[in-house]
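target03.txt, holding compact mmCIF, C-alpha atoms:
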# COMPACT_ATOMS: atom_id res chain seq x y z
CA MET J 15 -12.26 47.57 -20.96
CA GLY J 16 -12.34 50.63 -23.16
CA ARG J 17 -15.04 49.91 -25.62
CA ILE J 18 -16.02 53.26 -26.81
CA ALA J 19 -16.59 54.56 -30.29
CA PRO J 20 -13.80 56.46 -32.05
CA LEU J 21 -14.03 60.12 -31.12
CA GLY J 22 -13.60 62.64 -33.88
CA PRO J 23 -10.93 62.89 -36.54
CA ALA J 24 -8.17 62.18 -34.03
CA ALA J 25 -9.44 58.64 -33.61
CA ASP J 26 -7.11 55.91 -34.68
CA PRO J 27 -8.64 54.35 -37.80
CA VAL J 28 -7.72 50.83 -36.73
CA GLY J 29 -8.15 51.35 -33.01
CA ASN J 30 -11.28 51.03 -31.01
CA THR J 31 -10.81 53.68 -28.37
CA GLY J 32 -9.59 56.75 -30.15
CA TYR J 33 -7.06 57.10 -27.36
CA ALA J 34 -4.11 55.39 -29.01
CA TYR J 35 -0.80 56.53 -27.54
CA ARG J 36 1.72 57.84 -29.98
CA ALA J 37 4.57 55.66 -28.84
CA THR J 38 7.54 54.49 -30.84
CA PRO J 39 6.41 51.00 -31.80
CA ALA J 40 9.95 49.68 -32.35
CA MET J 41 10.82 50.76 -28.83
CA SER J 42 7.88 49.50 -26.83
CA VAL J 43 6.19 46.58 -28.59
CA ARG J 44 9.35 44.54 -28.12
CA HIS J 45 9.52 45.20 -24.41
CA SER J 46 5.81 44.83 -23.94
CA LEU J 47 5.85 41.37 -25.52
CA LEU J 48 8.88 40.46 -23.41
CA ALA J 49 6.98 41.56 -20.30
CA LEU J 50 4.07 39.28 -21.18
CA LEU J 51 6.40 36.37 -22.00
CA ALA J 52 8.12 36.88 -18.64
CA GLU J 53 4.82 35.90 -16.97
CA GLU J 54 4.42 32.68 -18.97
CA PRO J 55 5.03 31.27 -22.48
CA ARG J 56 2.32 32.37 -24.90
CA HIS J 57 1.17 31.99 -28.49
CA GLY J 58 1.23 34.92 -30.92
CA TYR J 59 -2.49 35.49 -30.73
CA GLY J 60 -2.50 35.15 -26.94
CA LEU J 61 0.18 37.85 -26.77
CA LYS J 62 -1.91 40.20 -28.88
CA ALA J 63 -5.02 39.61 -26.78
CA GLN J 64 -3.25 39.95 -23.42
CA PHE J 65 -1.37 43.07 -24.53
CA GLU J 66 -4.63 44.76 -25.51
CA ARG J 67 -6.32 43.72 -22.25
CA SER J 68 -3.45 45.04 -20.13
CA THR J 69 -3.38 48.38 -21.94
CA ALA J 70 -7.16 48.86 -22.03
CA GLY J 71 -7.29 48.75 -25.81
CA THR J 72 -5.31 51.99 -26.14
CA TRP J 73 -2.87 50.41 -28.54
CA PRO J 74 -4.33 47.84 -30.91
CA LEU J 75 -1.76 45.44 -32.35
CA ASN J 76 -2.21 43.32 -35.44
CA VAL J 77 -1.09 39.74 -35.30
CA GLY J 78 1.39 40.30 -38.15
CA GLN J 79 3.15 42.92 -36.03
CA VAL J 80 3.33 40.44 -33.16
CA TYR J 81 4.97 37.75 -35.33
CA THR J 82 7.44 40.23 -36.86
CA THR J 83 8.41 41.37 -33.39
CA LEU J 84 8.76 37.79 -32.14
CA ALA J 85 11.07 37.03 -35.07
CA ARG J 86 13.26 40.01 -34.11
CA LEU J 87 13.28 38.99 -30.46
CA GLU J 88 14.44 35.51 -31.54
CA ARG J 89 17.12 36.97 -33.79
CA ASP J 90 18.44 39.04 -30.86
CA GLY J 91 18.33 36.05 -28.51
CA LEU J 92 15.68 37.59 -26.22
CA ALA J 93 12.89 35.06 -26.84
CA GLU J 94 12.62 31.61 -28.38
CA PRO J 95 9.99 29.12 -29.54
CA THR J 96 9.17 26.50 -26.91
CA ASP J 97 9.17 23.86 -29.66
CA PRO J 98 12.35 24.45 -31.69
CA ASP J 99 11.24 21.93 -34.33
CA GLY J 100 7.83 23.53 -34.85
CA ASP J 101 6.92 26.22 -37.33
CA ALA J 102 8.07 29.46 -35.68
CA SER J 103 5.52 31.54 -37.57
CA GLY J 104 2.70 29.09 -36.93
CA ALA J 105 -0.28 29.98 -34.76
CA ARG J 106 0.30 26.92 -32.55
CA GLN J 107 3.87 27.82 -31.74
CA SER J 108 4.33 29.14 -28.26
CA TRP J 109 7.15 31.43 -27.16
CA ARG J 110 9.15 31.96 -24.01
CA ILE J 111 11.59 34.58 -22.75
CA THR J 112 15.34 33.82 -22.54
CA ASP J 113 17.72 34.87 -19.74
CA LEU J 114 19.03 37.59 -22.03
CA GLY J 115 15.42 38.68 -22.58
CA ARG J 116 14.86 38.95 -18.81
CA GLU J 117 17.93 41.15 -18.49
CA ALA J 118 16.72 43.43 -21.29
CA LEU J 119 13.28 43.61 -19.73
CA GLY J 120 14.75 44.43 -16.33
CA ARG J 121 16.71 47.32 -17.83
CA TRP J 122 13.55 48.60 -19.57
CA PHE J 123 11.57 48.69 -16.35
CA GLU J 124 14.46 50.30 -14.46
CA GLU J 125 14.98 53.15 -16.89
CA PRO J 126 12.68 56.13 -16.57
CA VAL J 127 10.87 56.85 -19.80
CA ALA J 128 12.42 59.79 -21.63
CA LEU J 129 9.79 62.45 -22.17
CA ASP J 130 9.65 64.63 -25.25
CA PRO J 131 11.24 67.97 -24.54
CA PRO J 132 8.47 70.59 -24.51
CA ALA J 133 10.14 72.50 -27.31
CA ARG J 134 9.14 69.67 -29.66
CA ASP J 135 5.52 69.98 -28.71
CA GLU J 136 3.36 71.52 -31.45
CA LEU J 137 1.35 73.66 -29.03
CA ALA J 138 4.51 75.08 -27.43
CA ILE J 139 5.95 75.89 -30.85
CA LYS J 140 2.72 77.57 -31.95
CA VAL J 141 2.52 79.72 -28.81
CA LEU J 142 6.21 80.65 -28.88
CA LEU J 143 6.04 81.69 -32.52
CA ALA J 144 2.84 83.67 -31.91
CA ILE J 145 4.54 85.51 -29.02
CA ALA J 146 7.58 86.22 -31.19
CA ALA J 147 5.35 87.65 -33.93
CA ASP J 148 2.97 89.67 -31.73
CA ALA J 149 2.44 88.99 -28.03
CA GLU J 150 -0.95 90.73 -28.18
CA SER J 151 -2.29 88.12 -30.60
CA VAL J 152 -1.59 85.18 -28.30
CA GLY J 153 -4.65 85.65 -26.10
CA PRO J 154 -7.21 84.09 -28.47
CA ILE J 155 -4.90 81.16 -29.16
CA LEU J 156 -4.59 80.47 -25.43
CA VAL J 157 -8.34 80.81 -24.91
CA ARG J 158 -9.24 78.44 -27.75
CA GLN J 159 -6.65 75.88 -26.74
CA ARG J 160 -7.74 76.02 -23.11
CA ALA J 161 -11.38 75.50 -24.08
CA ALA J 162 -10.45 72.59 -26.36
CA ALA J 163 -8.38 70.94 -23.62
CA LEU J 164 -11.18 71.35 -21.06
CA GLU J 165 -13.71 69.95 -23.47
CA ARG J 166 -11.52 66.90 -24.03
CA MET J 167 -11.06 66.55 -20.27
CA ALA J 168 -14.82 66.63 -19.73
CA GLU J 169 -15.24 63.92 -22.35
CA LEU J 170 -12.60 61.70 -20.74
CA THR J 171 -14.14 62.35 -17.32
CA ARG J 172 -17.53 61.16 -18.58
CA HIS J 173 -15.85 57.88 -19.57
CA LYS J 174 -14.24 57.73 -16.13
CA ALA J 175 -17.58 58.36 -14.42
CA LYS J 176 -18.98 55.27 -16.15
CA ALA J 177 -15.95 53.06 -15.54
CA ASP J 178 -15.57 50.78 -12.56
CA PRO J 179 -12.11 51.46 -11.06
CA MET J 180 -12.02 47.96 -9.56
CA ARG J 181 -12.95 45.88 -12.59
CA GLU J 182 -11.57 48.21 -15.26
CA LEU J 183 -8.32 49.35 -13.68
CA PRO J 184 -6.19 49.55 -16.88
CA TRP J 185 -8.83 51.67 -18.61
CA VAL J 186 -9.17 54.02 -15.63
CA LEU J 187 -5.37 54.37 -15.40
CA VAL J 188 -5.21 55.27 -19.09
CA LEU J 189 -7.88 57.92 -18.55
CA ASP J 190 -5.96 59.26 -15.53
CA ALA J 191 -2.79 59.55 -17.60
CA LEU J 192 -4.55 61.38 -20.44
CA LEU J 193 -6.35 63.70 -18.02
CA LEU J 194 -3.15 64.62 -16.21
CA LYS J 195 -1.43 65.42 -19.50
CA LEU J 196 -4.29 67.69 -20.49
CA GLU J 197 -4.30 69.29 -17.06
CA ALA J 198 -0.60 70.05 -17.47
CA GLU J 199 -1.43 71.71 -20.78
CA VAL J 200 -4.17 73.85 -19.20
CA ARG J 201 -1.86 74.90 -16.38
CA TRP J 202 0.89 75.77 -18.83
CA LEU J 203 -1.55 77.90 -20.87
CA ASP J 204 -2.62 79.70 -17.67
CA LEU J 205 1.01 80.33 -16.81
CA VAL J 206 1.69 81.74 -20.29
CA ALA J 207 -1.27 84.11 -19.84
CA ALA J 208 -0.10 85.12 -16.36
CA ARG J 209 3.47 85.78 -17.50
CA LEU J 210 2.31 87.84 -20.48
CA ALA J 211 -0.01 89.82 -18.21
CA ALA J 212 2.82 90.43 -15.71
CA ARG J 213 5.07 91.62 -18.53
CA GLY J 214 2.33 93.92 -19.85
CA GLN J 215 2.00 95.59 -16.44
CA ARG J 216 5.66 96.58 -16.23
CA MET T 27 -40.69 74.76 -16.64
CA SER T 28 -39.62 75.76 -13.16
CA ALA T 29 -37.36 78.74 -12.52
CA PRO T 30 -33.62 78.15 -12.64
CA ILE T 31 -32.29 77.50 -9.17
CA LEU T 32 -29.93 80.46 -9.53
CA ARG T 33 -29.99 83.49 -11.81
CA MET T 34 -27.58 86.41 -11.64
CA GLU T 35 -28.27 89.44 -13.81
CA ALA T 36 -25.60 92.06 -14.49
CA VAL T 37 -24.26 91.50 -11.00
CA GLU T 38 -21.47 93.82 -9.85
CA ARG T 39 -19.39 94.18 -6.72
CA HIS T 40 -17.04 97.03 -5.87
CA TYR T 41 -14.81 97.80 -2.96
CA GLU T 42 -13.70 101.17 -1.72
CA SER T 43 -10.01 101.51 -1.23
CA ALA T 44 -8.31 104.80 -0.31
CA GLY T 45 -11.27 106.72 -1.63
CA GLN T 46 -11.23 104.80 -4.92
CA ARG T 47 -13.96 102.52 -6.17
CA ILE T 48 -12.42 99.30 -7.38
CA ARG T 49 -14.53 96.85 -9.35
CA VAL T 50 -13.82 93.28 -8.27
CA LEU T 51 -16.64 91.61 -10.15
CA GLY T 52 -18.96 92.18 -13.02
CA PRO T 53 -21.15 92.91 -14.57
CA VAL T 54 -21.73 89.17 -14.93
CA ASP T 55 -24.73 87.08 -15.92
CA LEU T 56 -25.07 83.51 -14.81
CA GLU T 57 -27.88 81.01 -14.84
CA LEU T 58 -27.80 77.61 -13.19
CA ALA T 59 -30.52 75.14 -14.15
CA ARG T 60 -31.79 72.47 -11.82
CA GLY T 61 -29.56 69.43 -12.05
CA GLU T 62 -26.73 71.49 -13.50
CA PHE T 63 -23.15 71.42 -12.29
CA VAL T 64 -21.07 74.46 -13.22
CA ALA T 65 -17.40 74.98 -12.43
CA ILE T 66 -15.70 78.36 -12.23
CA MET T 67 -12.00 78.65 -12.85
CA GLY T 68 -9.71 81.63 -13.09
CA PRO T 69 -6.58 83.16 -11.62
CA SER T 70 -6.36 84.30 -8.00
CA GLY T 71 -8.12 87.62 -7.51
CA ALA T 72 -10.39 87.12 -10.53
CA GLY T 73 -13.49 87.38 -8.33
CA LYS T 74 -14.40 83.70 -8.03
CA SER T 75 -15.08 83.67 -4.30
CA THR T 76 -16.83 87.05 -4.53
CA LEU T 77 -19.15 85.56 -7.14
CA LEU T 78 -19.87 82.57 -4.92
CA GLY T 79 -20.68 84.80 -1.94
CA LEU T 80 -23.10 86.83 -4.06
CA ALA T 81 -24.73 83.67 -5.46
CA GLY T 82 -25.35 82.37 -1.96
CA ALA T 83 -26.65 85.65 -0.52
CA LEU T 84 -23.71 85.89 1.86
CA ASP T 85 -22.81 89.19 0.23
CA ARG T 86 -24.89 91.95 -1.34
CA PRO T 87 -24.21 93.14 -4.91
CA ASP T 88 -23.64 96.82 -5.73
CA GLY T 89 -25.50 96.40 -8.99
CA GLY T 90 -27.71 93.87 -10.74
CA ALA T 91 -29.94 91.24 -9.23
CA VAL T 92 -29.68 87.70 -7.86
CA PHE T 93 -32.61 85.28 -7.95
CA LEU T 94 -32.64 82.14 -5.87
CA ASP T 95 -35.28 79.66 -6.98
CA GLY T 96 -37.11 82.51 -8.73
CA GLN T 97 -37.09 84.82 -5.67
CA LYS T 98 -35.23 88.07 -5.88
CA LEU T 99 -32.78 88.41 -3.04
CA TRP T 100 -32.22 91.63 -1.13
CA GLY T 101 -35.80 92.70 -1.75
CA LEU T 102 -36.77 90.36 1.06
CA ARG T 103 -36.94 91.07 4.76
CA GLY T 104 -33.87 90.00 6.69
CA ASP T 105 -35.55 86.99 8.29
CA GLU T 106 -37.09 85.92 4.95
CA LEU T 107 -33.70 86.12 3.29
CA ALA T 108 -32.07 84.08 6.06
CA ALA T 109 -34.79 81.44 5.82
CA LEU T 110 -34.53 81.23 2.01
CA ARG T 111 -30.77 80.93 2.21
CA ARG T 112 -30.99 78.23 4.87
CA ARG T 113 -33.62 76.17 3.06
CA LYS T 114 -32.11 76.36 -0.44
CA VAL T 115 -28.35 76.69 -0.21
CA GLY T 116 -25.51 74.68 1.27
CA TYR T 117 -21.87 75.72 1.40
CA VAL T 118 -18.70 73.66 1.26
CA PHE T 119 -15.37 75.33 1.83
CA GLN T 120 -11.82 74.03 1.65
CA ASP T 121 -11.82 73.19 5.35
CA LEU T 122 -13.46 73.93 8.69
CA ASN T 123 -16.82 72.77 7.37
CA LEU T 124 -17.87 70.59 10.28
CA VAL T 125 -18.53 71.20 13.95
CA GLU T 126 -15.83 69.17 15.72
CA GLY T 127 -17.88 68.14 18.74
CA LEU T 128 -20.70 66.68 16.67
CA THR T 129 -20.81 63.35 14.83
CA ALA T 130 -21.23 63.13 11.04
CA LEU T 131 -24.94 62.51 11.56
CA GLU T 132 -25.33 65.40 13.99
CA ASN T 133 -23.48 67.72 11.62
CA THR T 134 -25.67 66.65 8.72
CA ARG T 135 -28.81 67.02 10.85
CA LEU T 136 -27.97 70.57 11.92
CA PRO T 137 -29.71 72.47 9.07
CA LEU T 138 -32.85 70.37 9.56
CA GLU T 139 -32.92 71.22 13.26
CA LEU T 140 -32.60 74.89 12.35
CA ASP T 141 -35.62 74.32 10.09
CA GLY T 142 -37.45 73.28 13.27
CA LEU T 143 -37.59 69.57 12.52
CA ALA T 144 -37.61 67.24 15.55
CA ARG T 145 -34.54 65.00 15.86
CA ARG T 146 -36.65 61.90 15.52
CA LYS T 147 -37.78 63.13 12.09
CA ALA T 148 -34.47 64.72 11.11
CA ASP T 149 -32.32 61.65 11.80
CA PRO T 150 -33.56 59.43 8.94
CA VAL T 151 -33.33 62.35 6.51
CA ALA T 152 -29.76 63.10 7.58
CA LEU T 153 -28.80 59.44 7.46
CA ALA T 154 -30.19 59.14 3.91
CA ALA T 155 -28.07 62.14 2.90
CA LEU T 156 -24.96 60.46 4.36
CA GLU T 157 -25.80 57.21 2.60
CA ARG T 158 -25.96 59.03 -0.73
CA VAL T 159 -22.30 60.04 -0.30
CA GLY T 160 -21.35 56.52 0.76
CA LEU T 161 -20.91 57.32 4.47
CA GLY T 162 -23.94 55.65 6.06
CA GLU T 163 -21.68 53.40 8.09
CA LEU T 164 -19.59 56.26 9.44
CA ALA T 165 -22.60 58.31 10.59
CA HIS T 166 -21.61 58.14 14.27
CA ARG T 167 -17.99 59.09 13.83
CA PHE T 168 -16.67 62.48 14.87
CA PRO T 169 -14.90 64.67 12.30
CA GLU T 170 -11.50 63.93 13.84
CA GLU T 171 -12.14 60.22 13.16
CA LEU T 172 -12.75 60.85 9.46
CA SER T 173 -10.27 61.42 6.61
CA GLY T 174 -10.18 64.76 4.81
CA GLY T 175 -12.12 63.35 1.89
CA GLU T 176 -14.75 61.83 4.18
CA ARG T 177 -15.18 65.15 5.98
CA GLN T 178 -15.81 66.90 2.67
CA ARG T 179 -18.37 64.24 1.75
CA VAL T 180 -20.16 64.89 5.06
CA ALA T 181 -20.14 68.59 4.13
CA ILE T 182 -21.76 67.71 0.77
CA ALA T 183 -24.35 65.54 2.51
CA ARG T 184 -25.19 68.41 4.86
CA ALA T 185 -25.30 70.96 2.02
CA PHE T 186 -27.87 68.85 0.18
CA VAL T 187 -29.74 67.51 3.20
CA GLY T 188 -33.54 67.45 2.95
CA PRO T 189 -34.94 69.92 0.43
CA ARG T 190 -31.70 71.86 -0.11
CA GLU T 191 -31.00 72.11 -3.83
CA LEU T 192 -28.00 74.34 -4.44
CA LEU T 193 -24.47 73.63 -3.31
CA LEU T 194 -21.84 76.36 -3.46
CA ALA T 195 -18.34 75.01 -3.09
CA ASP T 196 -15.12 77.00 -2.79
CA GLU T 197 -12.08 74.81 -3.48
CA PRO T 198 -13.60 71.83 -1.62
CA THR T 199 -10.85 69.52 -2.86
CA GLY T 200 -8.00 71.96 -2.32
CA ALA T 201 -6.55 70.05 0.61
CA LEU T 202 -7.20 66.52 -0.70
CA ASP T 203 -5.03 64.08 -2.62
CA SER T 204 -6.01 63.15 -6.19
CA LEU T 205 -8.04 60.06 -5.38
CA ALA T 206 -9.93 61.59 -2.43
CA GLY T 207 -10.64 64.68 -4.53
CA GLU T 208 -11.98 62.55 -7.34
CA THR T 209 -14.28 60.70 -4.95
CA VAL T 210 -15.71 64.02 -3.75
CA MET T 211 -16.30 65.03 -7.39
CA ARG T 212 -17.98 61.69 -8.16
CA HIS T 213 -20.47 62.29 -5.35
CA LEU T 214 -21.10 65.87 -6.45
CA ARG T 215 -21.71 64.62 -10.00
CA THR T 216 -24.10 61.93 -8.77
CA ALA T 217 -26.04 64.47 -6.69
CA CYS T 218 -26.44 66.75 -9.72
CA ASP T 219 -27.46 63.83 -11.94
CA GLY T 220 -30.14 63.27 -9.30
CA GLY T 221 -31.51 66.82 -9.74
CA LYS T 222 -29.43 68.92 -7.30
CA SER T 223 -27.33 71.84 -8.58
CA ALA T 224 -23.78 72.88 -7.82
CA LEU T 225 -21.52 75.85 -8.42
CA LEU T 226 -17.89 74.91 -7.86
CA VAL T 227 -14.90 77.22 -7.65
CA THR T 228 -11.70 75.33 -8.33
CA HIS T 229 -8.15 75.72 -9.58
CA ASP T 230 -8.06 72.11 -10.64
CA ALA T 231 -9.02 71.43 -14.26
CA ARG T 232 -9.41 67.72 -13.50
CA HIS T 233 -12.11 68.52 -10.96
CA ALA T 234 -13.74 71.16 -13.16
CA ALA T 235 -13.98 68.47 -15.84
CA TRP T 236 -16.71 66.75 -13.80
CA ALA T 237 -18.98 69.75 -14.39
CA ASP T 238 -21.45 70.31 -17.21
CA ARG T 239 -19.92 73.71 -17.97
CA VAL T 240 -16.67 75.38 -17.08
CA LEU T 241 -16.66 79.18 -16.89
CA HIS T 242 -13.44 81.13 -16.86
CA LEU T 243 -13.40 84.27 -14.77
CA VAL T 244 -10.66 86.84 -15.50
CA ASP T 245 -10.51 90.30 -13.89
CA GLY T 246 -14.08 90.01 -12.66
CA ARG T 247 -15.63 89.09 -16.01
CA PHE T 248 -16.30 85.80 -17.74
CA ALA T 249 -13.76 85.30 -20.51
CA HIS T 250 -15.25 84.82 -23.94
CA ASP T 251 -14.24 81.20 -23.80
CA ASN T 252 -17.30 80.34 -21.77
CA ALA T 253 -17.48 77.19 -23.80
CA SER T 254 -19.99 74.63 -22.82
CA VAL T 255 -18.01 71.51 -22.20
CA GLY T 256 -20.90 69.35 -21.19
CA GLY T 257 -22.86 67.04 -23.38
CA ARG T 258 -25.38 66.16 -20.77
When written as structure tokens, how does the structure in this file appear?
Amino acid sequence: MGRIAPLGPAADPVGNTGYAYRATPAMSVRHSLLALLAEEPRHGYGLKAQFERSTAGTWPLNVGQVYTTLARLERDGLAEPTDPDGDASGARQSWRITDLGREALGRWFEEPVALDPPARDELAIKVLLAIAADAESVGPILVRQRAAALERMAELTRHKAKADPMRELPWVLVLDALLLKLEAEVRWLDLVAARLAARGQR
Amino acid sequence: MSAPILRMEAVERHYESAGQRIRVLGPVDLELARGEFVAIMGPSGAGKSTLLGLAGALDRPDGGAVFLDGQKLWGLRGDELAALRRRKVGYVFQDLNLVEGLTALENTRLPLELDGLARRKADPVALAALERVGLGELAHRFPEELSGGERQRVAIARAFVGPRELLLADEPTGALDSLAGETVMRHLRTACDGGKSALLVTHDARHAAWADRVLHLVDGRFAHDNASVGGR
């Protein structure tokens, strides 16, 4: 599992990896808990623990968040307590998915995740505005950003070098995802430089 | 402190084209310590492969000097230069690295035989080199019986076989899928952690990220972002 110290100011103050995904919690915690309940009924704490194991600690949940989400799933008819007479907020209460919940989960898995359009990306905005102001000034921005991305990639790769891809599959997959995103950034920066150079030669 | 395995001082390379002298590289300085793994990135035509050829004494610079294990190249006699190159440096290219009619072991043994070592003595050395890249069990397979990634690992084993210390690699993962490419990088990293040195030319930032340093070559010069990315 990812048990590394927080890395720099970007580290999530409550997390333990520093690699927390910025996801929309309302969107994904619900479906993630449904996915775990689809395997078998679980208690609140068991859901938290299994969620963190499956996602290699990239997204720490607090138990309060788990219970709030379970209450909403119950309200929407997607999950229910296995003991209807028990205390729904109690630690000993276990939860199971409903048929409606399975349908919702199926739709979630079937739908491709919508990616942020690049125009909303801070780096893209910064580069586009710098080009608009003065194309000549963009070079240093590209160089610094490229170096920062490569440095981050080297750091993630050192974690990957130490990880066992067999025993620590979720953690390695998280590292792969982060590395590929950074690689895309580096390639985009190279393409910006190449296009600016091609324009300058005309 | 021993000499760096590779040192390039104000190295330049020009080509003549239609009576014009065109600079393709330099002047560049580069030093590679023992146990260091350096990646070189940069757009096509930036001079990456030219740099690699000069580092490995395959090509002669028009200016500056190259030192291999403390010895200045091109001041040596031809046979001395060839011997130094053969004993110190191994090359890995994108493909066509192995002799098709020879097994993995025979391919790996080849540089040792050129050193004049008897087969009986060369075999265990070559086998140990193959074992270090996880291919001990495939030693008697022919290249056509190996996957692309396995062939590149044989090429790494051969480049580092015996006393050879410096590996020069030009896009060695260019034809491999992500996982096979990563495995090649893992073995290169392990070899360098064990004291060997490598200079890698690559377009792939994910593979460059296995190196201690990434240098960015643009128009024949290192860009001023020659940031050290390694913490090793």
(Q) Set the distance at 8 Å and use only C-alpha atoms: which residues neighbour segment 118-122 of chain J once local chain neighbours fewer than 2 positions away are removed? I'd like the list as a list in words. (A)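 After dropping sequence-adjacent residues, the list is His45, Leu48, Ala49, Leu92, Leu114, Gly115, Arg116, Glu124 and Glu125 of chain J.
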Return as lines of an AutoDock Vina configuration file the centre and edge lengths, in Å with one decimal, of the box along x, y and z that encloses every atom of segment 147-166 of chain T in the file, padded by 4 Å per side.
center_x = -28.7
center_y = 59.1
center_z = 6.8
size_x = 26.2
size_y = 19.3
size_z = 23.0
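Shortest separation to Glu106 of chain T among T:Ala91, T:Ala130, T:Leu58, T:Ala83 occurs at residue T:Ala83, atoms counted being all atoms listed in the file.
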Checklist line | Residues within 10 Å of Gln97 of chain T, only C-alpha atoms, excluding chain neighbours under 5 positions, as a PyMOL selection string | finding: chain T and resi 29+31-33+92+102+107+110
- Distance query 12 Å from (-13.1, 89.4, -15.8) using only C-alpha atoms, result as a PyMOL selection string: chain T and resi 38+49-55+66-74+77+241-252
- Message: Counting only C-alpha atoms, a student should be able to say which residues of chain J come within 9 Å of chain T; what is the right answer, written as a PyMOL selection string?
- Response: chain J and resi 154+157-158+160-162+164-172+175+193-194+196-197+200-201+204+208
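With only the atoms specified (all atoms listed in the file) counting, those residues at most 9 Å away from (-29.4, 71.5, 0.6) are Arg112, Arg113, Lys114, Val115, Gly116, Tyr117, Pro137, Ile182, Ala183, Arg184, Ala185, Phe186, Val187, Gly188, Pro189, Arg190, Glu191, Leu192, Leu193 and Lys222 of chain T.
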Atom CA of Asn123 of chain T sits from atom CA of Leu136 of chain T at a separation of 12.2 Å
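Using all atoms listed in the file, the nearest neighbour of Leu51 of chain J within the list J:Gly71, J:Gly78, J:Pro126, J:Pro95 is J:Pro95.
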As a check of understanding: the span from atom CA of Val37 of chain T to atom CA of Pro87 of chain T is 6.3 Å
**Prompt:** If we count only C-alpha atoms, what is near Ile155 of chain J at a cut-off of 12 Å, once residues fewer than 6 positions away on the same chain are taken out, given as JSON, numbers by chain?
**Reply:** {"J": [137, 138, 140, 141, 142, 143, 144, 145, 148, 149, 161, 162, 203, 204, 206, 207], "T": [251]}
What separates atom CA of Thr83 of chain J and atom CA of Asp135 of chain J is a distance of 29.1 Å
For Ala36 of chain T, the closest of T:Ala155, T:Leu80, T:Ile48, T:Ala144 counting only C-alpha atoms is T:Leu80
**Q.** From J:Lys62, J:Arg67, J:Arg86, J:His57, residue lying nearest Arg110 of chain J [all atoms listed in the file]
**A.**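 Once distances to Arg110 of chain J are computed over all atoms listed in the file, the minimum belongs to J:His57.
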